[in-house]
>>> print(open('target-v4.cif').read())   # mmCIF, N, CA and C atoms and all ligand atoms
data_upload
#
loop_
_atom_site.label_atom_id
_atom_site.label_comp_id
_atom_site.auth_asym_id
_atom_site.auth_seq_id
_atom_site.Cartn_x
_atom_site.Cartn_y
_atom_site.Cartn_z
N MET I 8 -1.21 5.13 8.89
CA MET I 8 0.06 4.67 9.43
C MET I 8 -0.05 3.21 9.89
N ASN I 9 1.02 2.46 9.63
CA ASN I 9 0.99 1.05 10.01
C ASN I 9 1.13 0.88 11.52
N ASN I 10 0.17 0.24 12.13
CA ASN I 10 0.23 0.00 13.57
C ASN I 10 -0.18 -1.43 13.87
N LEU I 11 0.57 -2.35 13.23
CA LEU I 11 0.25 -3.77 13.40
C LEU I 11 0.46 -4.17 14.85
N GLU I 12 -0.59 -4.72 15.46
CA GLU I 12 -0.53 -5.09 16.88
C GLU I 12 -0.98 -6.54 17.06
N GLN I 13 -0.61 -7.06 18.22
CA GLN I 13 -1.15 -8.36 18.62
C GLN I 13 -1.93 -8.18 19.91
N THR I 14 -2.94 -9.03 20.08
CA THR I 14 -3.74 -9.01 21.30
C THR I 14 -4.10 -10.45 21.66
N LEU I 15 -4.42 -10.66 22.92
CA LEU I 15 -4.81 -12.01 23.33
C LEU I 15 -6.33 -12.11 23.37
N SER I 16 -6.82 -13.18 22.78
CA SER I 16 -8.25 -13.47 22.82
C SER I 16 -8.47 -14.83 23.48
N ILE I 17 -9.49 -14.89 24.31
CA ILE I 17 -9.89 -16.18 24.89
C ILE I 17 -11.36 -16.44 24.53
N ILE I 18 -11.60 -17.60 23.99
CA ILE I 18 -12.99 -18.05 23.85
C ILE I 18 -13.28 -18.85 25.11
N LYS I 19 -14.21 -18.33 25.91
CA LYS I 19 -14.42 -18.81 27.28
C LYS I 19 -15.24 -20.11 27.34
N PRO I 20 -15.26 -20.75 28.53
CA PRO I 20 -15.93 -22.05 28.63
C PRO I 20 -17.38 -22.08 28.12
N ASP I 21 -18.13 -21.01 28.35
CA ASP I 21 -19.54 -21.06 27.91
C ASP I 21 -19.66 -21.21 26.40
N ALA I 22 -18.72 -20.60 25.67
CA ALA I 22 -18.78 -20.66 24.20
C ALA I 22 -18.18 -21.95 23.66
N VAL I 23 -17.08 -22.41 24.28
CA VAL I 23 -16.48 -23.69 23.84
C VAL I 23 -17.47 -24.82 24.09
N GLU I 24 -18.13 -24.76 25.25
CA GLU I 24 -19.12 -25.78 25.62
C GLU I 24 -20.27 -25.87 24.61
N ARG I 25 -20.62 -24.73 24.03
CA ARG I 25 -21.70 -24.71 23.02
C ARG I 25 -21.16 -24.90 21.59
N ASN I 26 -19.88 -25.30 21.51
CA ASN I 26 -19.24 -25.52 20.20
C ASN I 26 -19.26 -24.29 19.30
N LEU I 27 -19.08 -23.13 19.92
CA LEU I 27 -19.11 -21.89 19.14
C LEU I 27 -17.71 -21.44 18.74
N ASP I 28 -16.67 -22.20 19.11
CA ASP I 28 -15.31 -21.69 18.88
C ASP I 28 -15.01 -21.45 17.40
N GLN I 29 -15.41 -22.39 16.53
CA GLN I 29 -15.11 -22.19 15.10
C GLN I 29 -15.88 -20.98 14.55
N GLU I 30 -17.14 -20.86 14.97
CA GLU I 30 -17.96 -19.74 14.51
C GLU I 30 -17.34 -18.40 14.95
N ILE I 31 -16.86 -18.35 16.19
CA ILE I 31 -16.27 -17.10 16.69
C ILE I 31 -14.92 -16.84 16.01
N LYS I 32 -14.14 -17.89 15.78
CA LYS I 32 -12.87 -17.72 15.04
C LYS I 32 -13.15 -17.13 13.66
N ASN I 33 -14.20 -17.60 13.00
CA ASN I 33 -14.55 -17.08 11.68
C ASN I 33 -14.90 -15.60 11.74
N ILE I 34 -15.52 -15.17 12.82
CA ILE I 34 -15.83 -13.74 12.96
C ILE I 34 -14.54 -12.93 12.99
N PHE I 35 -13.54 -13.43 13.75
CA PHE I 35 -12.26 -12.72 13.78
C PHE I 35 -11.64 -12.69 12.38
N LEU I 36 -11.62 -13.83 11.71
CA LEU I 36 -10.99 -13.91 10.39
C LEU I 36 -11.72 -13.00 9.39
N ASN I 37 -13.04 -12.99 9.45
CA ASN I 37 -13.83 -12.15 8.53
C ASN I 37 -13.68 -10.66 8.83
N ASN I 38 -13.16 -10.34 10.01
CA ASN I 38 -12.93 -8.94 10.38
C ASN I 38 -11.46 -8.56 10.28
N GLY I 39 -10.71 -9.32 9.52
CA GLY I 39 -9.33 -8.93 9.18
C GLY I 39 -8.26 -9.33 10.18
N PHE I 40 -8.63 -10.12 11.19
CA PHE I 40 -7.62 -10.60 12.14
C PHE I 40 -6.94 -11.84 11.58
N LYS I 41 -5.63 -11.94 11.85
CA LYS I 41 -4.92 -13.20 11.60
C LYS I 41 -4.79 -13.90 12.93
N ILE I 42 -5.00 -15.22 12.92
CA ILE I 42 -4.77 -16.00 14.13
C ILE I 42 -3.34 -16.52 14.06
N ILE I 43 -2.46 -15.94 14.86
CA ILE I 43 -1.03 -16.26 14.80
C ILE I 43 -0.73 -17.58 15.51
N LYS I 44 -1.35 -17.75 16.66
CA LYS I 44 -1.21 -19.02 17.40
C LYS I 44 -2.53 -19.28 18.11
N GLU I 45 -2.80 -20.54 18.35
CA GLU I 45 -4.01 -20.88 19.13
C GLU I 45 -3.79 -22.20 19.84
N LYS I 46 -4.43 -22.37 20.97
CA LYS I 46 -4.44 -23.67 21.64
C LYS I 46 -5.67 -23.78 22.52
N LYS I 47 -6.14 -25.02 22.61
CA LYS I 47 -7.28 -25.28 23.49
C LYS I 47 -6.72 -25.91 24.75
N ILE I 48 -7.05 -25.33 25.89
CA ILE I 48 -6.51 -25.81 27.16
C ILE I 48 -7.60 -25.74 28.24
N LYS I 49 -7.30 -26.38 29.35
CA LYS I 49 -8.16 -26.19 30.52
C LYS I 49 -7.27 -25.72 31.66
N LEU I 50 -7.61 -24.57 32.23
CA LEU I 50 -6.79 -24.01 33.31
C LEU I 50 -7.14 -24.64 34.65
N GLU I 51 -6.16 -24.70 35.53
CA GLU I 51 -6.43 -24.99 36.94
C GLU I 51 -6.88 -23.67 37.57
N LYS I 52 -7.57 -23.77 38.69
CA LYS I 52 -8.07 -22.53 39.30
C LYS I 52 -6.93 -21.57 39.66
N ASN I 53 -5.82 -22.11 40.17
CA ASN I 53 -4.71 -21.21 40.54
C ASN I 53 -4.11 -20.51 39.32
N GLU I 54 -4.21 -21.13 38.15
CA GLU I 54 -3.72 -20.47 36.92
C GLU I 54 -4.67 -19.34 36.51
N ALA I 55 -5.97 -19.60 36.65
CA ALA I 55 -6.97 -18.55 36.34
C ALA I 55 -6.77 -17.36 37.30
N GLU I 56 -6.46 -17.67 38.56
CA GLU I 56 -6.23 -16.61 39.56
C GLU I 56 -5.02 -15.75 39.16
N LYS I 57 -4.02 -16.41 38.63
CA LYS I 57 -2.82 -15.69 38.18
C LYS I 57 -3.16 -14.81 36.97
N PHE I 58 -3.91 -15.39 36.03
CA PHE I 58 -4.26 -14.65 34.82
C PHE I 58 -5.08 -13.40 35.15
N TYR I 59 -6.04 -13.54 36.07
CA TYR I 59 -6.94 -12.43 36.40
C TYR I 59 -6.49 -11.66 37.64
N LYS I 60 -5.20 -11.74 37.97
CA LYS I 60 -4.68 -11.12 39.20
C LYS I 60 -5.06 -9.64 39.34
N VAL I 61 -5.15 -8.93 38.22
CA VAL I 61 -5.54 -7.50 38.29
C VAL I 61 -6.91 -7.31 38.94
N HIS I 62 -7.71 -8.35 38.93
CA HIS I 62 -9.06 -8.24 39.51
C HIS I 62 -9.15 -8.81 40.93
N GLU I 63 -7.99 -9.09 41.54
CA GLU I 63 -8.04 -9.87 42.80
C GLU I 63 -8.78 -9.18 43.94
N THR I 64 -8.91 -7.87 43.88
CA THR I 64 -9.63 -7.18 44.97
C THR I 64 -11.13 -7.05 44.67
N LYS I 65 -11.55 -7.45 43.49
CA LYS I 65 -12.95 -7.27 43.10
C LYS I 65 -13.83 -8.36 43.74
N PRO I 66 -15.06 -8.01 44.05
CA PRO I 66 -15.96 -9.00 44.67
C PRO I 66 -16.24 -10.20 43.78
N PHE I 67 -16.09 -10.04 42.48
CA PHE I 67 -16.41 -11.14 41.56
C PHE I 67 -15.20 -12.02 41.24
N TYR I 68 -14.04 -11.74 41.87
CA TYR I 68 -12.79 -12.44 41.52
C TYR I 68 -12.88 -13.96 41.67
N ASN I 69 -13.39 -14.41 42.80
CA ASN I 69 -13.43 -15.86 43.03
C ASN I 69 -14.31 -16.57 41.99
N ASP I 70 -15.52 -16.04 41.79
CA ASP I 70 -16.43 -16.66 40.81
C ASP I 70 -15.82 -16.64 39.41
N LEU I 71 -15.15 -15.53 39.11
CA LEU I 71 -14.54 -15.37 37.79
C LEU I 71 -13.48 -16.46 37.54
N CYS I 72 -12.67 -16.71 38.56
CA CYS I 72 -11.60 -17.70 38.42
C CYS I 72 -12.15 -19.13 38.42
N GLU I 73 -13.17 -19.36 39.23
CA GLU I 73 -13.87 -20.66 39.21
C GLU I 73 -14.38 -20.91 37.79
N TYR I 74 -15.02 -19.87 37.26
CA TYR I 74 -15.64 -20.01 35.94
C TYR I 74 -14.61 -20.25 34.83
N LEU I 75 -13.56 -19.45 34.80
CA LEU I 75 -12.58 -19.58 33.71
C LEU I 75 -11.90 -20.95 33.73
N SER I 76 -11.84 -21.54 34.92
CA SER I 76 -11.19 -22.86 35.03
C SER I 76 -12.21 -24.01 35.03
N SER I 77 -13.47 -23.69 34.68
CA SER I 77 -14.52 -24.72 34.76
C SER I 77 -14.58 -25.64 33.54
N GLY I 78 -13.91 -25.28 32.47
CA GLY I 78 -13.96 -26.11 31.26
C GLY I 78 -12.94 -25.62 30.25
N PRO I 79 -12.82 -26.32 29.13
CA PRO I 79 -11.83 -25.92 28.12
C PRO I 79 -12.07 -24.50 27.58
N ILE I 80 -10.97 -23.86 27.26
CA ILE I 80 -11.01 -22.53 26.63
C ILE I 80 -10.11 -22.57 25.39
N LEU I 81 -10.36 -21.66 24.46
CA LEU I 81 -9.47 -21.54 23.31
C LEU I 81 -8.75 -20.20 23.42
N VAL I 82 -7.42 -20.24 23.52
CA VAL I 82 -6.66 -18.99 23.59
C VAL I 82 -5.97 -18.75 22.26
N MET I 83 -5.97 -17.49 21.85
CA MET I 83 -5.42 -17.14 20.53
C MET I 83 -4.63 -15.84 20.58
N ILE I 84 -3.58 -15.80 19.79
CA ILE I 84 -2.92 -14.51 19.53
C ILE I 84 -3.52 -13.99 18.23
N LEU I 85 -4.16 -12.82 18.32
CA LEU I 85 -4.75 -12.20 17.13
C LEU I 85 -3.87 -11.04 16.68
N GLU I 86 -3.75 -10.89 15.39
CA GLU I 86 -2.93 -9.78 14.85
C GLU I 86 -3.72 -8.99 13.81
N LYS I 87 -3.61 -7.69 13.92
CA LYS I 87 -4.29 -6.78 12.98
C LYS I 87 -3.78 -5.37 13.26
N GLU I 88 -4.03 -4.42 12.36
CA GLU I 88 -3.79 -3.02 12.67
C GLU I 88 -4.65 -2.67 13.90
N ASN I 89 -4.11 -2.01 14.86
CA ASN I 89 -4.84 -1.62 16.07
C ASN I 89 -5.67 -2.76 16.67
N ALA I 90 -5.02 -3.92 16.78
CA ALA I 90 -5.74 -5.14 17.17
C ALA I 90 -6.46 -5.02 18.52
N VAL I 91 -5.84 -4.33 19.48
CA VAL I 91 -6.43 -4.27 20.83
C VAL I 91 -7.81 -3.59 20.77
N LEU I 92 -7.84 -2.41 20.20
CA LEU I 92 -9.09 -1.65 20.12
C LEU I 92 -10.09 -2.33 19.18
N SER I 93 -9.58 -2.81 18.07
CA SER I 93 -10.45 -3.44 17.09
C SER I 93 -11.14 -4.68 17.69
N ASN I 94 -10.37 -5.45 18.47
CA ASN I 94 -10.95 -6.63 19.12
C ASN I 94 -11.98 -6.22 20.17
N ARG I 95 -11.69 -5.16 20.91
CA ARG I 95 -12.64 -4.73 21.95
C ARG I 95 -13.95 -4.26 21.33
N GLU I 96 -13.84 -3.59 20.18
CA GLU I 96 -15.06 -3.15 19.49
C GLU I 96 -15.86 -4.35 18.99
N LEU I 97 -15.14 -5.32 18.46
CA LEU I 97 -15.81 -6.51 17.92
C LEU I 97 -16.45 -7.35 19.03
N MET I 98 -15.80 -7.40 20.21
CA MET I 98 -16.36 -8.17 21.34
C MET I 98 -17.62 -7.50 21.88
N GLY I 99 -17.62 -6.18 21.98
CA GLY I 99 -18.73 -5.45 22.59
C GLY I 99 -18.54 -5.30 24.09
N ALA I 100 -19.49 -4.63 24.74
CA ALA I 100 -19.39 -4.32 26.17
C ALA I 100 -19.29 -5.60 27.01
N THR I 101 -18.62 -5.47 28.17
CA THR I 101 -18.40 -6.61 29.07
C THR I 101 -19.70 -7.33 29.39
N ASN I 102 -20.74 -6.55 29.70
CA ASN I 102 -22.04 -7.15 29.98
C ASN I 102 -22.82 -7.29 28.65
N PRO I 103 -23.10 -8.52 28.25
CA PRO I 103 -23.80 -8.73 26.97
C PRO I 103 -25.08 -7.89 26.84
N LYS I 104 -25.72 -7.59 27.98
CA LYS I 104 -26.94 -6.76 27.96
C LYS I 104 -26.68 -5.37 27.38
N ASP I 105 -25.44 -4.88 27.59
CA ASP I 105 -25.08 -3.53 27.13
C ASP I 105 -24.37 -3.55 25.78
N ALA I 106 -24.08 -4.74 25.27
CA ALA I 106 -23.29 -4.83 24.03
C ALA I 106 -24.14 -4.45 22.81
N LYS I 107 -23.46 -3.80 21.87
CA LYS I 107 -24.17 -3.35 20.66
C LYS I 107 -24.47 -4.51 19.73
N GLU I 108 -25.52 -4.34 18.95
CA GLU I 108 -25.89 -5.28 17.90
C GLU I 108 -24.67 -5.56 17.01
N GLY I 109 -24.49 -6.80 16.63
CA GLY I 109 -23.38 -7.15 15.73
C GLY I 109 -22.10 -7.53 16.45
N THR I 110 -22.06 -7.34 17.77
CA THR I 110 -20.84 -7.70 18.52
C THR I 110 -20.94 -9.17 18.99
N ILE I 111 -19.77 -9.73 19.30
CA ILE I 111 -19.72 -11.14 19.70
C ILE I 111 -20.48 -11.37 21.01
N ARG I 112 -20.29 -10.47 21.96
CA ARG I 112 -20.98 -10.67 23.25
C ARG I 112 -22.48 -10.49 23.15
N LYS I 113 -22.92 -9.59 22.26
CA LYS I 113 -24.37 -9.42 22.05
C LYS I 113 -24.95 -10.71 21.47
N LYS I 114 -24.21 -11.27 20.51
CA LYS I 114 -24.71 -12.45 19.81
C LYS I 114 -24.67 -13.72 20.68
N TYR I 115 -23.57 -13.90 21.43
CA TYR I 115 -23.39 -15.19 22.12
C TYR I 115 -23.37 -15.11 23.64
N GLY I 116 -23.13 -13.94 24.21
CA GLY I 116 -22.97 -13.82 25.65
C GLY I 116 -24.25 -14.18 26.39
N ILE I 117 -24.06 -14.81 27.55
CA ILE I 117 -25.21 -15.26 28.35
C ILE I 117 -25.42 -14.31 29.54
N SER I 118 -24.31 -13.88 30.13
CA SER I 118 -24.36 -13.02 31.33
C SER I 118 -23.01 -12.30 31.42
N ILE I 119 -22.88 -11.44 32.43
CA ILE I 119 -21.61 -10.71 32.58
C ILE I 119 -20.45 -11.68 32.84
N ASP I 120 -20.72 -12.79 33.49
CA ASP I 120 -19.68 -13.80 33.72
C ASP I 120 -19.47 -14.65 32.47
N LYS I 121 -20.57 -15.18 31.98
CA LYS I 121 -20.50 -16.03 30.79
C LYS I 121 -20.64 -15.15 29.55
N ASN I 122 -19.61 -14.32 29.34
CA ASN I 122 -19.70 -13.37 28.23
C ASN I 122 -18.88 -13.80 27.01
N SER I 123 -18.61 -15.10 26.95
CA SER I 123 -18.11 -15.80 25.74
C SER I 123 -16.66 -15.51 25.31
N VAL I 124 -16.20 -14.26 25.47
CA VAL I 124 -14.84 -13.94 25.02
C VAL I 124 -14.15 -12.97 25.99
N HIS I 125 -12.83 -13.08 26.00
CA HIS I 125 -11.99 -12.11 26.70
C HIS I 125 -11.04 -11.51 25.67
N GLY I 126 -10.71 -10.24 25.84
CA GLY I 126 -9.69 -9.62 24.99
C GLY I 126 -8.86 -8.66 25.82
N SER I 127 -7.57 -8.58 25.51
CA SER I 127 -6.68 -7.67 26.25
C SER I 127 -7.23 -6.24 26.18
N ASP I 128 -7.04 -5.49 27.29
CA ASP I 128 -7.60 -4.13 27.32
C ASP I 128 -6.59 -3.05 26.96
N SER I 129 -5.34 -3.41 26.74
CA SER I 129 -4.33 -2.44 26.30
C SER I 129 -3.21 -3.20 25.62
N LYS I 130 -2.38 -2.46 24.89
CA LYS I 130 -1.27 -3.09 24.19
C LYS I 130 -0.31 -3.73 25.20
N GLU I 131 -0.10 -3.00 26.28
CA GLU I 131 0.80 -3.47 27.34
C GLU I 131 0.29 -4.78 27.97
N ASN I 132 -0.99 -4.80 28.33
CA ASN I 132 -1.56 -6.03 28.88
C ASN I 132 -1.62 -7.14 27.85
N GLY I 133 -1.77 -6.76 26.58
CA GLY I 133 -1.75 -7.75 25.51
C GLY I 133 -0.44 -8.54 25.54
N LYS I 134 0.67 -7.83 25.68
CA LYS I 134 1.99 -8.48 25.72
C LYS I 134 2.07 -9.42 26.93
N ILE I 135 1.62 -8.91 28.08
CA ILE I 135 1.67 -9.71 29.31
C ILE I 135 0.80 -10.97 29.16
N GLU I 136 -0.40 -10.79 28.61
CA GLU I 136 -1.32 -11.93 28.47
C GLU I 136 -0.85 -12.93 27.43
N ILE I 137 -0.25 -12.44 26.34
CA ILE I 137 0.31 -13.35 25.32
C ILE I 137 1.43 -14.17 25.94
N ASP I 138 2.30 -13.51 26.70
CA ASP I 138 3.40 -14.24 27.36
C ASP I 138 2.86 -15.27 28.35
N PHE I 139 1.79 -14.91 29.04
CA PHE I 139 1.21 -15.81 30.04
C PHE I 139 0.87 -17.17 29.40
N PHE I 140 0.29 -17.14 28.21
CA PHE I 140 -0.13 -18.39 27.59
C PHE I 140 0.87 -18.98 26.61
N PHE I 141 1.72 -18.15 26.01
CA PHE I 141 2.50 -18.66 24.88
C PHE I 141 4.02 -18.60 25.07
N LYS I 142 4.49 -18.02 26.17
CA LYS I 142 5.94 -18.00 26.36
C LYS I 142 6.38 -19.37 26.88
N ASN I 143 7.42 -19.93 26.21
CA ASN I 143 7.83 -21.24 26.72
C ASN I 143 8.91 -21.10 27.78
P1 LIG I 201 -13.20 -10.11 30.94
O1 LIG I 201 -13.08 -9.16 29.81
O2 LIG I 201 -12.72 -11.49 30.74
O3 LIG I 201 -12.45 -9.50 32.22
C1 LIG I 201 -12.83 -9.77 33.53
C2 LIG I 201 -14.16 -10.48 33.63
O4 LIG I 201 -14.80 -10.39 34.86
C3 LIG I 201 -15.13 -9.87 32.65
O5 LIG I 201 -14.74 -10.20 31.34
C4 LIG I 201 -16.45 -10.45 33.14
O6 LIG I 201 -16.74 -11.70 32.55
C5 LIG I 201 -16.19 -10.70 34.63
N1 LIG I 201 -17.02 -9.87 35.50
C6 LIG I 201 -17.91 -10.33 36.41
N2 LIG I 201 -18.50 -9.33 37.05
C7 LIG I 201 -17.99 -8.19 36.57
C8 LIG I 201 -18.21 -6.80 36.85
N3 LIG I 201 -19.10 -6.39 37.76
N4 LIG I 201 -17.49 -5.90 36.13
C9 LIG I 201 -16.58 -6.30 35.22
N5 LIG I 201 -16.34 -7.60 34.91
C10 LIG I 201 -17.03 -8.53 35.56
#
>>> encode(input="target-v4.cif", output="structure tokens", more="lines below")
Ligand code: CMP
Amino acid sequence: MNNLEQTLSIIKPDAVERNLDQEIKNIFLNNGFKIIKEKKIKLEKNEAEKFYKVHETKPFYNDLCEYLSSGPILVMILEKENAVLSNRELMGATNPKDAKEGTIRKKYGISIDKNSVHGSDSKENGKIEIDFFFKN
């Protein structure tokens, strides 16, 4: 059954800083994702706080927002059948130490914070996150 979905992907500062953005984009393209829109931006800390608001009660919230706003990021709308789940499988576990062989975080992630990529965790959050970056 056709279940074409969109999801939001972020290539985080640790990966952009190492010039891995093109390499990671190619992984998405080689895995059947279309990149519908993309832009390279640098967030202010208050924007990162807004983006990660769901985590505001977590002990790692402040560091997370500092980090996401520490350098340029590449944000993309990815489209594919079951894009949300497919992207999460391709990214691998949040902590690169736990990520399976062949996943983006296993290959490029440095730590649980510097885990190279973000992807929406549900279709509903995908819509919210896409609007956050791409709604004019
Ligand atoms: P991401 O998928 O972008 O969503 C929230 C981020 O918080 C996550 O990736 C991690 O980089 C970061 N993070 C830091 N510490 C933790 C933790 N203990 N559990 C989950 N996420 C964490």
>>> closest_atom_pairs(input="target-v4.cif", of="chain I", to="ligand LIG 201 (chain I)", cutoff="6.5 Å", atoms="all atoms listed in the file", output="CSV")
residue,atom,partner,partner_atom,distance
I:Phe67,CA,I:LIG201,N2,5.3
I:Leu71,CA,I:LIG201,O4,5.8
I:Thr101,CA,I:LIG201,O5,5.6
I:Ser118,C,I:LIG201,O6,6.4
I:Ile119,C,I:LIG201,O6,3.7
I:Asp120,CA,I:LIG201,O6,3.8
I:Lys121,N,I:LIG201,O6,5.2
I:Asn122,N,I:LIG201,O6,5.0
I:Val124,C,I:LIG201,O2,5.2
I:His125,CA,I:LIG201,O2,4.2
I:Gly126,N,I:LIG201,O1,4.7
>>> closest_residue(input="target-v4.cif", among="I:Asn94, I:Leu15, I:Asn9, I:Glu86", to="Phe58 of chain I", atoms="only C-alpha atoms")
I:Leu15
>>> closest_residue(input="target-v4.cif", among="I:Glu45, I:Ser123, I:Ala90, I:Thr14", to="Asn102 of chain I", atoms="only C-alpha atoms")
I:Ser123
>>> residues_around(input="target-v4.cif", residues="Gly39 of chain I", least_positions_apart="4", cutoff="8 Å", atoms="all atoms listed in the file", output="list in words")
Asn33, Ile34, Phe35, Glu86, Lys87 and Glu88 of chain I
>>> closest_residue(input="target-v4.cif", among="I:Ile117, I:Lys130, I:Ala106, I:Pro79", to="Leu92 of chain I", atoms="all atoms listed in the file")
I:Lys130
>>> closest_residue(input="target-v4.cif", among="I:Lys107, I:Lys46, I:Lys52, I:Lys57", to="Ser77 of chain I", atoms="all atoms listed in the file")
I:Lys52
>>> residues_around(input="target-v4.cif", residues="Lys47 of chain I", least_positions_apart="5", cutoff="12 Å", atoms="only C-alpha atoms", output="PyMOL selection string")
chain I and resi 16-20+23+28-29+78-83+140-141
>>> select_by_dssp(input="target-v4.cif", residues="chain I", states="strand (DSSP E)", output="PyMOL selection string")
chain I and resi 11-18+41-48+80-88+124-126
>>> atom_distance(input="target-v4.cif", atom1="atom CA of Leu36 of chain I", atom2="atom CA of Thr110 of chain I")
14.2 Å
>>> select_by_dssp(input="target-v4.cif", residues="chain I", states="alpha helix (DSSP H)", output="ChimeraX atom specification")
/I:20-24,28-37,52-58,68-75,90-98,111-115,130-141
>>> atom_distance(input="target-v4.cif", atom1="atom CA of Gly99 of chain I", atom2="atom CA of Gly116 of chain I")
9.9 Å
>>> atom_distance(input="target-v4.cif", atom1="atom CA of Gly133 of chain I", atom2="atom CA of Arg25 of chain I")
26.3 Å
>>> closest_residue(input="target-v4.cif", among="I:Leu85, I:Asp128, I:Glu54, I:Lys113", to="Ile42 of chain I", atoms="all atoms listed in the file")
I:Leu85
>>> closest_residue(input="target-v4.cif", among="I:Val91, I:Ile48, I:Met98, I:Ile84", to="Tyr115 of chain I", atoms="only C-alpha atoms")
I:Met98
>>> residues_near_point(input="target-v4.cif", point="(-7.7, -20.6, 32.5)", cutoff="6 Å", atoms="only C-alpha atoms", output="list in words")
Lys49, Leu50, Glu54, Ala55, Leu75 and Ser76 of chain I
